[in-house]
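Chemist: Take a look at input.pdb, PDB, C-alpha atoms:
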ATOM      1  CA  MET B   8     103.812 132.789  92.423
ATOM      2  CA  SER B   9     102.229 132.376  95.869
ATOM      3  CA  SER B  10     104.231 131.662  99.024
ATOM      4  CA  ARG B  11     102.521 128.239  99.313
ATOM      5  CA  VAL B  12     103.758 127.108  95.912
ATOM      6  CA  ALA B  13     107.230 128.455  96.655
ATOM      7  CA  SER B  14     107.333 126.570  99.960
ATOM      8  CA  ILE B  15     106.460 123.289  98.239
ATOM      9  CA  LEU B  16     108.797 123.659  95.286
ATOM     10  CA  GLY B  17     111.707 125.102  97.229
ATOM     11  CA  LYS B  18     113.342 128.480  96.777
ATOM     12  CA  GLY B  19     115.664 127.442  93.971
ATOM     13  CA  LEU B  20     113.020 125.830  91.774
ATOM     14  CA  ALA B  21     110.436 128.546  92.447
ATOM     15  CA  SER B  22     112.860 131.308  91.410
ATOM     16  CA  ARG B  23     113.557 129.576  88.115
ATOM     17  CA  LEU B  24     109.852 129.123  87.403
ATOM     18  CA  ASN B  25     109.351 132.885  87.793
ATOM     19  CA  ARG B  26     111.633 133.594  84.811
ATOM     20  CA  PRO B  27     110.164 134.317  81.361
ATOM     21  CA  LYS B  28     108.796 131.124  79.825
ATOM     22  CA  ASN B  29     110.884 131.393  76.641
ATOM     23  CA  VAL B  30     114.162 131.308  78.565
ATOM     24  CA  ARG B  31     114.098 127.537  79.150
ATOM     25  CA  PRO B  32     114.966 127.827  82.861
ATOM     26  CA  PHE B  33     115.863 124.186  83.441
ATOM     27  CA  ILE B  34     118.388 124.181  80.585
ATOM     28  CA  ALA B  35     120.115 127.247  81.989
ATOM     29  CA  SER B  36     120.319 125.562  85.396
ATOM     30  CA  PHE B  37     121.722 122.193  84.393
ATOM     31  CA  SER B  38     123.450 122.617  81.005
ATOM     32  CA  THR B  39     126.891 124.141  80.642
ATOM     33  CA  ASN B  40     126.732 124.160  76.837
ATOM     34  CA  ALA B  41     123.487 125.847  75.844
ATOM     35  CA  LYS B  42     124.854 126.597  72.355
ATOM     36  CA  SER B  43     124.295 122.938  71.444
ATOM     37  CA  LEU B  44     120.629 123.817  70.759
ATOM     38  CA  ASN B  45     121.841 125.681  67.675
ATOM     39  CA  ASP B  46     123.677 122.611  66.393
ATOM     40  CA  PRO B  47     121.375 120.270  64.414
ATOM     41  CA  SER B  48     123.725 117.325  64.989
ATOM     42  CA  THR B  49     122.657 117.424  68.644
ATOM     43  CA  PHE B  50     119.251 116.136  67.553
ATOM     44  CA  VAL B  51     120.180 114.058  64.453
ATOM     45  CA  THR B  52     123.741 112.822  64.104
ATOM     46  CA  GLY B  53     125.513 114.065  60.976
ATOM     47  CA  VAL B  54     123.045 116.821  60.053
ATOM     48  CA  THR B  55     124.574 120.283  59.572
ATOM     49  CA  VAL B  56     123.160 123.788  59.215
ATOM     50  CA  GLU B  57     123.977 123.702  55.491
ATOM     51  CA  ASP B  58     121.867 120.541  55.091
ATOM     52  CA  LEU B  59     118.866 122.312  56.585
ATOM     53  CA  GLU B  60     119.325 125.320  54.314
ATOM     54  CA  LYS B  61     119.512 123.156  51.185
ATOM     55  CA  ASP B  62     116.804 120.609  52.029
ATOM     56  CA  ALA B  63     113.370 122.146  52.707
ATOM     57  CA  ALA B  64     111.855 118.787  53.667
ATOM     58  CA  LEU B  65     114.567 118.232  56.289
ATOM     59  CA  ALA B  66     114.022 121.733  57.681
ATOM     60  CA  GLN B  67     110.289 121.062  57.908
ATOM     61  CA  TYR B  68     110.999 117.786  59.727
ATOM     62  CA  PHE B  69     113.170 119.622  62.292
ATOM     63  CA  ALA B  70     110.502 122.268  62.834
ATOM     64  CA  ALA B  71     107.852 119.638  63.506
ATOM     65  CA  ASN B  72     109.879 117.280  65.728
ATOM     66  CA  PHE B  73     112.469 119.503  67.415
ATOM     67  CA  PRO B  74     110.792 122.843  68.263
ATOM     68  CA  GLU B  75     113.603 123.721  70.685
ATOM     69  CA  TYR B  76     116.193 123.757  67.831
ATOM     70  CA  GLY B  77     117.621 127.245  67.449
ATOM     71  CA  THR B  78     116.271 128.480  70.781
ATOM     72  CA  GLU B  79     118.511 131.092  72.356
ATOM     73  CA  VAL B  80     119.421 130.167  75.906
ATOM     74  CA  PRO B  81     121.990 132.082  78.002
ATOM     75  CA  ILE B  82     125.136 130.089  78.718
ATOM     76  CA  THR B  83     125.585 129.158  82.351
ATOM     77  CA  THR B  84     128.402 131.154  83.972
ATOM     78  CA  THR B  85     130.345 130.496  87.121
ATOM     79  CA  THR B  86     127.968 132.785  89.006
ATOM     80  CA  ASP B  87     124.972 130.846  87.697
ATOM     81  CA  THR B  88     126.583 127.574  88.776
ATOM     82  CA  THR B  89     127.203 128.978  92.257
ATOM     83  CA  ASN B  90     123.605 130.166  92.468
ATOM     84  CA  ALA B  91     122.405 126.727  91.406
ATOM     85  CA  HIS B  92     124.409 125.107  94.231
ATOM     86  CA  GLU B  93     123.045 127.692  96.683
ATOM     87  CA  SER B  94     119.518 126.931  95.471
ATOM     88  CA  GLN B  95     120.031 123.220  96.039
ATOM     89  CA  ASN B  96     121.358 123.936  99.531
ATOM     90  CA  ALA B  97     118.304 126.105 100.219
ATOM     91  CA  ASP B  98     116.044 123.294  99.020
ATOM     92  CA  SER B  99     117.799 120.823 101.315
ATOM     93  CA  ALA B 100     117.463 123.171 104.278
ATOM     94  CA  LEU B 101     113.789 123.643 103.502
ATOM     95  CA  GLU B 102     113.231 119.899 103.426
ATOM     96  CA  GLU B 103     114.876 119.544 106.839
ATOM     97  CA  VAL B 104     112.227 121.915 108.217
ATOM     98  CA  ASP B 105     109.500 119.975 106.427
ATOM     99  CA  ASP B 106     110.676 116.731 108.073
ATOM    100  CA  ALA B 107     110.578 118.321 111.509
ATOM    101  CA  ASP B 108     107.071 119.642 110.934
ATOM    102  CA  SER B 109     105.682 116.374 109.522
ATOM    103  CA  PRO B 110     104.334 114.157 112.333
ATOM    104  CA  LEU B 111     104.029 111.169 109.968
ATOM    105  CA  ASN B 112     107.551 111.489 108.488
ATOM    106  CA  ILE B 113     106.153 112.274 105.028
ATOM    107  CA  ARG B 114     108.260 114.468 102.746
ATOM    108  CA  LEU B 115     107.220 116.858  99.977
ATOM    109  CA  LEU B 116     107.648 116.652  96.218
ATOM    110  CA  ALA B 117     106.284 118.793  93.389
ATOM    111  CA  GLY B 118     105.761 118.245  89.685
ATOM    112  CA  TYR B 119     103.645 119.173  86.692
ATOM    113  CA  LYS B 120     100.847 117.520  84.824
ATOM    114  CA  ARG B 121     102.298 116.031  81.650
ATOM    115  CA  PHE B 122     100.617 116.502  78.296
ATOM    116  CA  GLU B 123     103.556 115.155  76.258
ATOM    117  CA  ASP B 124     103.332 111.488  75.325
ATOM    118  CA  GLY B 125     105.605 109.292  73.242
ATOM    119  CA  THR B 126     109.323 108.541  72.986
ATOM    120  CA  GLN B 127     110.604 111.727  71.346
ATOM    121  CA  PRO B 128     108.681 114.176  73.581
ATOM    122  CA  CYS B 129     109.874 112.302  76.685
ATOM    123  CA  HIS B 130     113.469 112.448  75.408
ATOM    124  CA  ARG B 131     113.149 116.223  75.090
ATOM    125  CA  LEU B 132     111.767 116.479  78.618
ATOM    126  CA  ARG B 133     114.720 114.569  80.063
ATOM    127  CA  ASP B 134     117.574 115.895  77.946
ATOM    128  CA  HIS B 135     116.637 119.557  77.502
ATOM    129  CA  LEU B 136     114.217 120.485  80.283
ATOM    130  CA  GLN B 137     115.494 118.171  83.044
ATOM    131  CA  LEU B 138     111.954 116.945  83.741
ATOM    132  CA  ILE B 139     111.516 113.237  84.440
ATOM    133  CA  PRO B 140     108.355 111.705  82.914
ATOM    134  CA  GLY B 141     106.190 109.375  84.953
ATOM    135  CA  ILE B 142     102.664 108.401  85.875
ATOM    136  CA  ILE B 143     100.552 108.299  89.041
ATOM    137  CA  TYR B 144      98.598 105.051  89.264
ATOM    138  CA  GLY B 145      96.988 102.656  91.721
ATOM    139  CA  SER B 146      93.836 102.464  93.810
ATOM    140  CA  ASP B 147      93.005 104.585  96.831
ATOM    141  CA  PRO B 148      89.846 103.499  98.688
ATOM    142  CA  THR B 149      90.019 106.581 100.918
ATOM    143  CA  GLN B 150      89.295 108.743  97.850
ATOM    144  CA  ASN B 151      87.142 106.226  95.939
ATOM    145  CA  ILE B 152      89.816 105.810  93.241
ATOM    146  CA  VAL B 153      89.864 102.453  91.452
ATOM    147  CA  SER B 154      92.895 101.428  89.403
ATOM    148  CA  ILE B 155      90.832  99.807  86.635
ATOM    149  CA  ASP B 156      89.362 103.225  85.828
ATOM    150  CA  SER B 157      91.469 104.858  83.103
ATOM    151  CA  SER B 158      90.935 108.304  84.639
ATOM    152  CA  SER B 159      92.873 107.183  87.750
ATOM    153  CA  LYS B 160      96.139 107.340  85.778
ATOM    154  CA  ILE B 161      97.721 110.808  85.690
ATOM    155  CA  LEU B 162     100.709 111.674  83.499
ATOM    156  CA  VAL B 163     103.253 113.771  85.419
ATOM    157  CA  LYS B 164     106.752 115.208  85.002
ATOM    158  CA  THR B 165     108.989 115.804  88.017
ATOM    159  CA  PRO B 166     112.045 118.120  88.124
ATOM    160  CA  TRP B 167     115.233 116.067  88.119
ATOM    161  CA  GLU B 168     116.703 117.960  91.059
ATOM    162  CA  GLN B 169     113.845 116.961  93.362
ATOM    163  CA  ILE B 170     114.233 113.247  92.643
ATOM    164  CA  GLN B 171     118.022 113.386  92.861
ATOM    165  CA  ARG B 172     117.810 115.233  96.182
ATOM    166  CA  GLU B 173     115.772 112.388  97.662
ATOM    167  CA  MET B 174     118.094 109.734  96.233
ATOM    168  CA  ASP B 175     121.110 111.501  97.692
ATOM    169  CA  ARG B 176     119.422 111.468 101.078
ATOM    170  CA  PHE B 177     117.930 107.949 101.117
ATOM    171  CA  THR B 178     120.161 106.224  98.502
ATOM    172  CA  TYR B 179     119.024 104.646  95.276
ATOM    173  CA  HIS B 180     117.713 101.461  96.919
ATOM    174  CA  ASN B 181     115.655 103.144  99.655
ATOM    175  CA  PHE B 182     114.079 105.960  97.624
ATOM    176  CA  GLU B 183     111.094 103.764  96.805
ATOM    177  CA  SER B 184     110.573 103.035 100.514
ATOM    178  CA  ARG B 185     109.554 106.598 101.361
ATOM    179  CA  VAL B 186     106.082 108.183 101.287
ATOM    180  CA  TYR B 187     105.636 111.625  99.703
ATOM    181  CA  ASP B 188     102.977 114.276  99.345
ATOM    182  CA  LEU B 189     103.328 115.015  95.631
ATOM    183  CA  THR B 190     101.755 118.308  94.531
ATOM    184  CA  VAL B 191     100.937 118.326  90.806
ATOM    185  CA  PHE B 192     100.526 121.718  89.112
ATOM    186  CA  GLU B 193      98.800 122.233  85.771
ATOM    187  CA  ASP B 194     101.415 124.788  84.627
ATOM    188  CA  ASP B 195     103.595 127.635  85.914
ATOM    189  CA  ASP B 196     100.533 129.814  86.542
ATOM    190  CA  ASP B 197      98.799 127.253  88.753
ATOM    191  CA  GLU B 198      99.185 128.338  92.389
ATOM    192  CA  GLU B 199      97.181 125.598  94.121
ATOM    193  CA  GLY B 200      97.932 122.255  92.520
ATOM    194  CA  VAL B 201      96.511 118.865  93.515
ATOM    195  CA  GLN B 202      98.211 116.845  96.241
ATOM    196  CA  HIS B 203      98.631 113.076  95.989
ATOM    197  CA  ARG B 204     100.064 110.813  98.700
ATOM    198  CA  VAL B 205     102.362 108.422  96.863
ATOM    199  CA  THR B 206     105.450 106.232  96.975
ATOM    200  CA  ALA B 207     107.985 106.179  94.149
ATOM    201  CA  ALA B 208     107.777 103.039  92.007
ATOM    202  CA  ASN B 209     109.556 101.551  88.984
ATOM    203  CA  VAL B 210     112.301 104.175  88.919
ATOM    204  CA  GLN B 211     114.461 103.523  85.846
ATOM    205  CA  HIS B 212     118.140 104.561  85.737
ATOM    206  CA  HIS B 213     120.998 104.631  83.281
ATOM    207  CA  PRO B 214     123.313 101.652  84.017
ATOM    208  CA  PHE B 215     126.233 103.811  85.160
ATOM    209  CA  GLN B 216     125.513 107.482  84.483
ATOM    210  CA  LYS B 217     123.721 109.652  87.037
ATOM    211  CA  LYS B 218     120.665 109.806  84.809
ATOM    212  CA  ILE B 219     117.028 108.981  85.505
ATOM    213  CA  TYR B 220     114.772 107.826  82.687
ATOM    214  CA  CYS B 221     111.426 107.428  84.451
ATOM    215  CA  CYS B 222     109.895 107.867  87.899
ATOM    216  CA  ASN B 223     106.375 106.556  88.484
ATOM    217  CA  TYR B 224     104.278 106.966  91.615
ATOM    218  CA  LEU B 225     101.966 104.502  93.348
ATOM    219  CA  ARG B 226      99.153 105.931  95.463
ATOM    220  CA  TYR B 227      99.620 105.239  99.152
ATOM    221  CA  PHE B 228      97.026 104.916 101.884
ATOM    222  CA  PRO B 229      97.151 103.509 105.451
ATOM    223  CA  GLY B 230      97.051  99.736 105.171
ATOM    224  CA  ARG B 231      98.925  99.461 101.883
ATOM    225  CA  PRO B 232     102.112  97.377 102.283
ATOM    226  CA  ILE B 233     105.353  99.328 102.006
ATOM    227  CA  LYS B 234     108.871  97.880 101.884
ATOM    228  CA  ILE B 235     111.089  99.358 104.607
ATOM    229  CA  PRO B 236     114.874  98.761 104.680
ATOM    230  CA  ILE B 237     116.445  96.642 107.430
ATOM    231  CA  GLN B 238     119.254  98.122 109.529
ATOM    232  CA  TYR B 239     121.573  96.057 111.767
ATOM    233  CA  VAL B 240     122.082  97.271 115.365
ATOM    234  CA  ASN B 241     124.079  95.990 118.381
ATOM    235  CA  GLU B 242     126.659  94.308 116.126
ATOM    236  CA  GLU B 243     129.271  94.755 118.865
ATOM    237  CA  GLU B 244     127.187  92.417 121.072
ATOM    238  CA  SER B 245     127.745  89.504 118.672
ATOM    239  CA  GLY B 246     130.923  87.483 119.164
ATOM    240  CA  ALA B 247     130.800  86.183 115.602
ATOM    241  CA  LEU B 248     130.469  89.630 114.035
ATOM    242  CA  LYS B 249     133.202  91.085 116.274
ATOM    243  CA  ARG B 250     135.660  88.385 115.116
ATOM    244  CA  GLY B 251     135.224  89.060 111.410
ATOM    245  CA  GLY B 252     131.940  87.299 110.752
ATOM    246  CA  PHE B 253     129.328  88.830 108.503
ATOM    247  CA  VAL B 254     125.683  88.514 107.542
ATOM    248  CA  VAL B 255     124.859  87.319 104.027
ATOM    249  CA  PRO B 256     121.532  89.096 103.411
ATOM    250  CA  GLN B 257     118.645  87.382 101.685
ATOM    251  CA  ASN B 258     116.187  90.252 102.171
ATOM    252  CA  ARG B 259     117.279  93.855 102.638
ATOM    253  CA  HIS B 260     113.692  95.140 103.010
ATOM    254  CA  VAL B 261     110.648  93.900 104.861
ATOM    255  CA  SER B 262     107.060  94.504 103.767
ATOM    256  CA  CYS B 263     105.157  96.362 106.511
ATOM    257  CA  ILE B 264     101.699  97.707 107.276
ATOM    258  CA  VAL B 265     101.713 101.095 109.024
ATOM    259  CA  VAL B 266      98.631 101.963 111.058
ATOM    260  CA  ASP B 267      96.931 105.275 110.269
ATOM    261  CA  GLY B 268      98.374 108.107 112.361
ATOM    262  CA  VAL B 269     101.670 106.323 113.070
ATOM    263  CA  PRO B 270     104.905 107.865 111.703
ATOM    264  CA  ILE B 271     106.377 105.853 108.841
ATOM    265  CA  PRO B 272     109.790 104.561 109.992
ATOM    266  CA  GLU B 273     112.849 105.062 107.802
ATOM    267  CA  VAL B 274     114.309 101.681 108.839
ATOM    268  CA  ILE B 275     113.375  98.504 110.701
ATOM    269  CA  GLU B 276     116.124  97.592 113.146
ATOM    270  CA  MET B 277     117.456  94.059 113.475
ATOM    271  CA  ASP B 278     119.051  93.098 116.823
ATOM    272  CA  CYS B 279     122.379  91.292 116.367
ATOM    273  CA  THR B 280     122.904  90.517 120.071
ATOM    274  CA  GLY B 281     124.208  86.988 120.582
ATOM    275  CA  LEU B 282     124.470  86.024 116.904
ATOM    276  CA  ARG B 283     126.737  83.004 116.294
ATOM    277  CA  LEU B 284     128.250  81.591 113.137
ATOM    278  CA  LYS B 285     125.763  79.765 110.888
ATOM    279  CA  ASP B 286     122.792  81.311 112.703
ATOM    280  CA  VAL B 287     119.766  81.843 110.472
ATOM    281  CA  ILE B 288     118.159  85.238 111.038
ATOM    282  CA  ARG B 289     114.376  85.411 110.811
ATOM    283  CA  VAL B 290     111.534  87.809 111.646
ATOM    284  CA  ASP B 291     111.823  87.321 115.412
ATOM    285  CA  ARG B 292     115.001  89.457 115.458
ATOM    286  CA  LEU B 293     113.325  92.427 113.752
ATOM    287  CA  MET B 294     112.186  95.199 116.092
ATOM    288  CA  PHE B 295     108.973  96.700 114.730
ATOM    289  CA  PRO B 296     107.885 100.052 116.212
ATOM    290  CA  GLU B 297     104.441 100.344 117.774
ATOM    291  CA  GLY B 298     101.802 100.566 115.040
ATOM    292  CA  VAL B 299     104.074  98.960 112.425
ATOM    293  CA  ASN B 300     103.483  95.281 111.652
ATOM    294  CA  PRO B 301     104.783  92.835 109.024
ATOM    295  CA  SER B 302     102.386  92.339 106.128
ATOM    296  CA  LYS B 303     100.711  89.037 105.270
ATOM    297  CA  ARG B 304     103.437  88.365 102.720
ATOM    298  CA  VAL B 305     105.981  88.012 105.530
ATOM    299  CA  LYS B 306     105.676  84.471 106.896
ATOM    300  CA  LYS B 307     107.398  84.129 110.265
ATOM    301  CA  ASP B 308     108.601  80.597 109.551
ATOM    302  CA  ARG B 309     109.734  81.282 105.966
ATOM    303  CA  PHE B 310     110.944  84.882 105.754
ATOM    304  CA  LEU B 311     114.757  84.883 105.834
ATOM    305  CA  VAL B 312     116.729  88.025 106.662
ATOM    306  CA  GLY B 313     120.137  86.378 106.238
ATOM    307  CA  THR B 314     122.712  83.917 107.553
ATOM    308  CA  VAL B 315     125.852  84.539 109.610
ATOM    309  CA  PHE B 316     129.098  83.337 108.023
ATOM    310  CA  GLY B 317     132.789  83.604 108.896
ATOM    311  CA  ARG B 318     136.066  81.694 109.135
ATOM    312  CA  ARG B 319     136.157  78.308 110.815
ATOM    313  CA  ALA B 320     138.987  79.437 113.087
ATOM    314  CA  ASP B 321     136.718  82.145 114.419
ATOM    315  CA  ALA B 322     134.059  79.549 115.155
ATOM    316  CA  GLU B 323     136.573  77.410 117.101
ATOM    317  CA  GLU B 324     137.686  80.453 119.117
ATOM    318  CA  GLU B 325     134.061  81.281 119.860
ATOM    319  CA  ASP B 326     133.322  77.712 121.050
ATOM    320  CA  ALA B 327     136.453  77.728 123.208
TER     321      ALA B 327
END
Starting from the coordinates I provided, produce the structure as structure tokens.

Modeler:
Amino acid sequence: MSSRVASILGKGLASRLNRPKNVRPFIASFSTNAKSLNDPSTFVTGVTVEDLEKDAALAQYFAANFPEYGTEVPITTTTDTTNAHESQNADSALEEVDDADSPLNIRLLAGYKRFEDGTQPCHRLRDHLQLIPGIIYGSDPTQNIVSIDSSSKILVKTPWEQIQREMDRFTYHNFESRVYDLTVFEDDDDEEGVQHRVTAANVQHHPFQKKIYCCNYLRYFPGRPIKIPIQYVNEEESGALKRGGFVVPQNRHVSCIVVDGVPIPEVIEMDCTGLRLKDVIRVDRLMFPEGVNPSKRVKKDRFLVGTVFGRRADAEEEDA
């Protein structure tokens, strides 16, 4: 594998991709019970090895729908777990360098072109290979791509660790507010890949488990609106907020247009200086960097950031 591919994927992921293909590298990295692949009840509840030996039709069904059944995968040891944590730390360190080198504040992601389609194949990708299915869609006038053309949609699968790394850094709510250069490889032998500038969209999660079902990508180009989170600053300059008041948010993100060549901000700051109880916060308190403007969807007289609330006693003290 070339140094360019390794730099995009990260050291940990690149080292696993260099293993023999029949080793199931992602299972060895994330599963602590690889023997479960030899247990048919893992795939169909209640089915045993004896059932497969007695019923030829059932065995044929397993062979056709669960090709990974019976695959020998080495069990993850304590050393492997330590190496996995070291790999993730190396990936994080690499991304810090990428941020410093990116003048537009655009981070890197990598994935593979997906040829599997349907419910069962996608379940196998998530549960056994730790690859999250998704699709790249949307128009891009800079590359003459039109969304109504069926060829503009590309099926992809992204390693779970890459998505989770970004969510750990930007939180679940703000992950879709970042722009990425996503490199899509055909397979493990592809050393070039095709790069797409995208934003994450329609990310689906398990209600309470740390599990991702789907991660789609929308093509991004300068001029396309992007929702950027709002961050409060100068709260100590507000008498209401200092005395226990708080802002009840109506909008936690604001839709922005970023001019070509301008770094994409991680947050839009809102100045809290002088806020009083029952004040209604609108666009005029948002501080947009140079080259970043609210989109047409943000009406200055209608867009509501939030309202300041607190105890009545605090209001009387403030008036006094």

Chemist: Just say which residues the PyMOL selection byres ((chain B and resi 308) around 10) picks in this file, as a ChimeraX atom specification.

Modeler: /B:289-291,305-307,309-311

Chemist: Could you list the residues chosen by the PyMOL selection byres ((chain B and resi 146-157) around 10) in this structure as a PyMOL selection string?

Modeler: chain B and resi 144-145+158-161+204+225-229+231

Chemist: Padding 8 Å on every side, please: axis-aligned box over the listed atoms of stretch 245-263 of chain B, centre and edge lengths to one decimal in Å, as lines of an AutoDock Vina configuration file.

Modeler:
center_x = 120.4
center_y = 91.3
center_z = 110.4
size_x = 46.5
size_y = 26.2
size_z = 33.5

Chemist: Nearest to B:Lys164 among B:Val186, B:Ala208, B:Ile113, B:Cys221, with distances taken over all atoms listed in the file: which residue is it?

Modeler: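 Of all the options, B:Cys221 lies closest to B:Lys164.
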
Chemist: Point out the residue among B:Asp188, B:Glu57, B:Asp278, B:Asp124 with the least atom-to-atom distance to B:Val240, counting all atoms listed in the file.

Modeler: B:Asp278

Chemist: May I ask for the distance between atom CA of B:Asn241 and atom CA of B:Val312, given in Å to one decimal place?

Modeler: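 Result for atom CA of B:Asn241 versus atom CA of B:Val312: 16.0 Å, one decimal.
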
Chemist: To one decimal place in Å, what is the distance between atom CA of B:Tyr187 and atom CA of B:Thr206?

Modeler: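 Between these atoms lies a distance of 6.0 Å.
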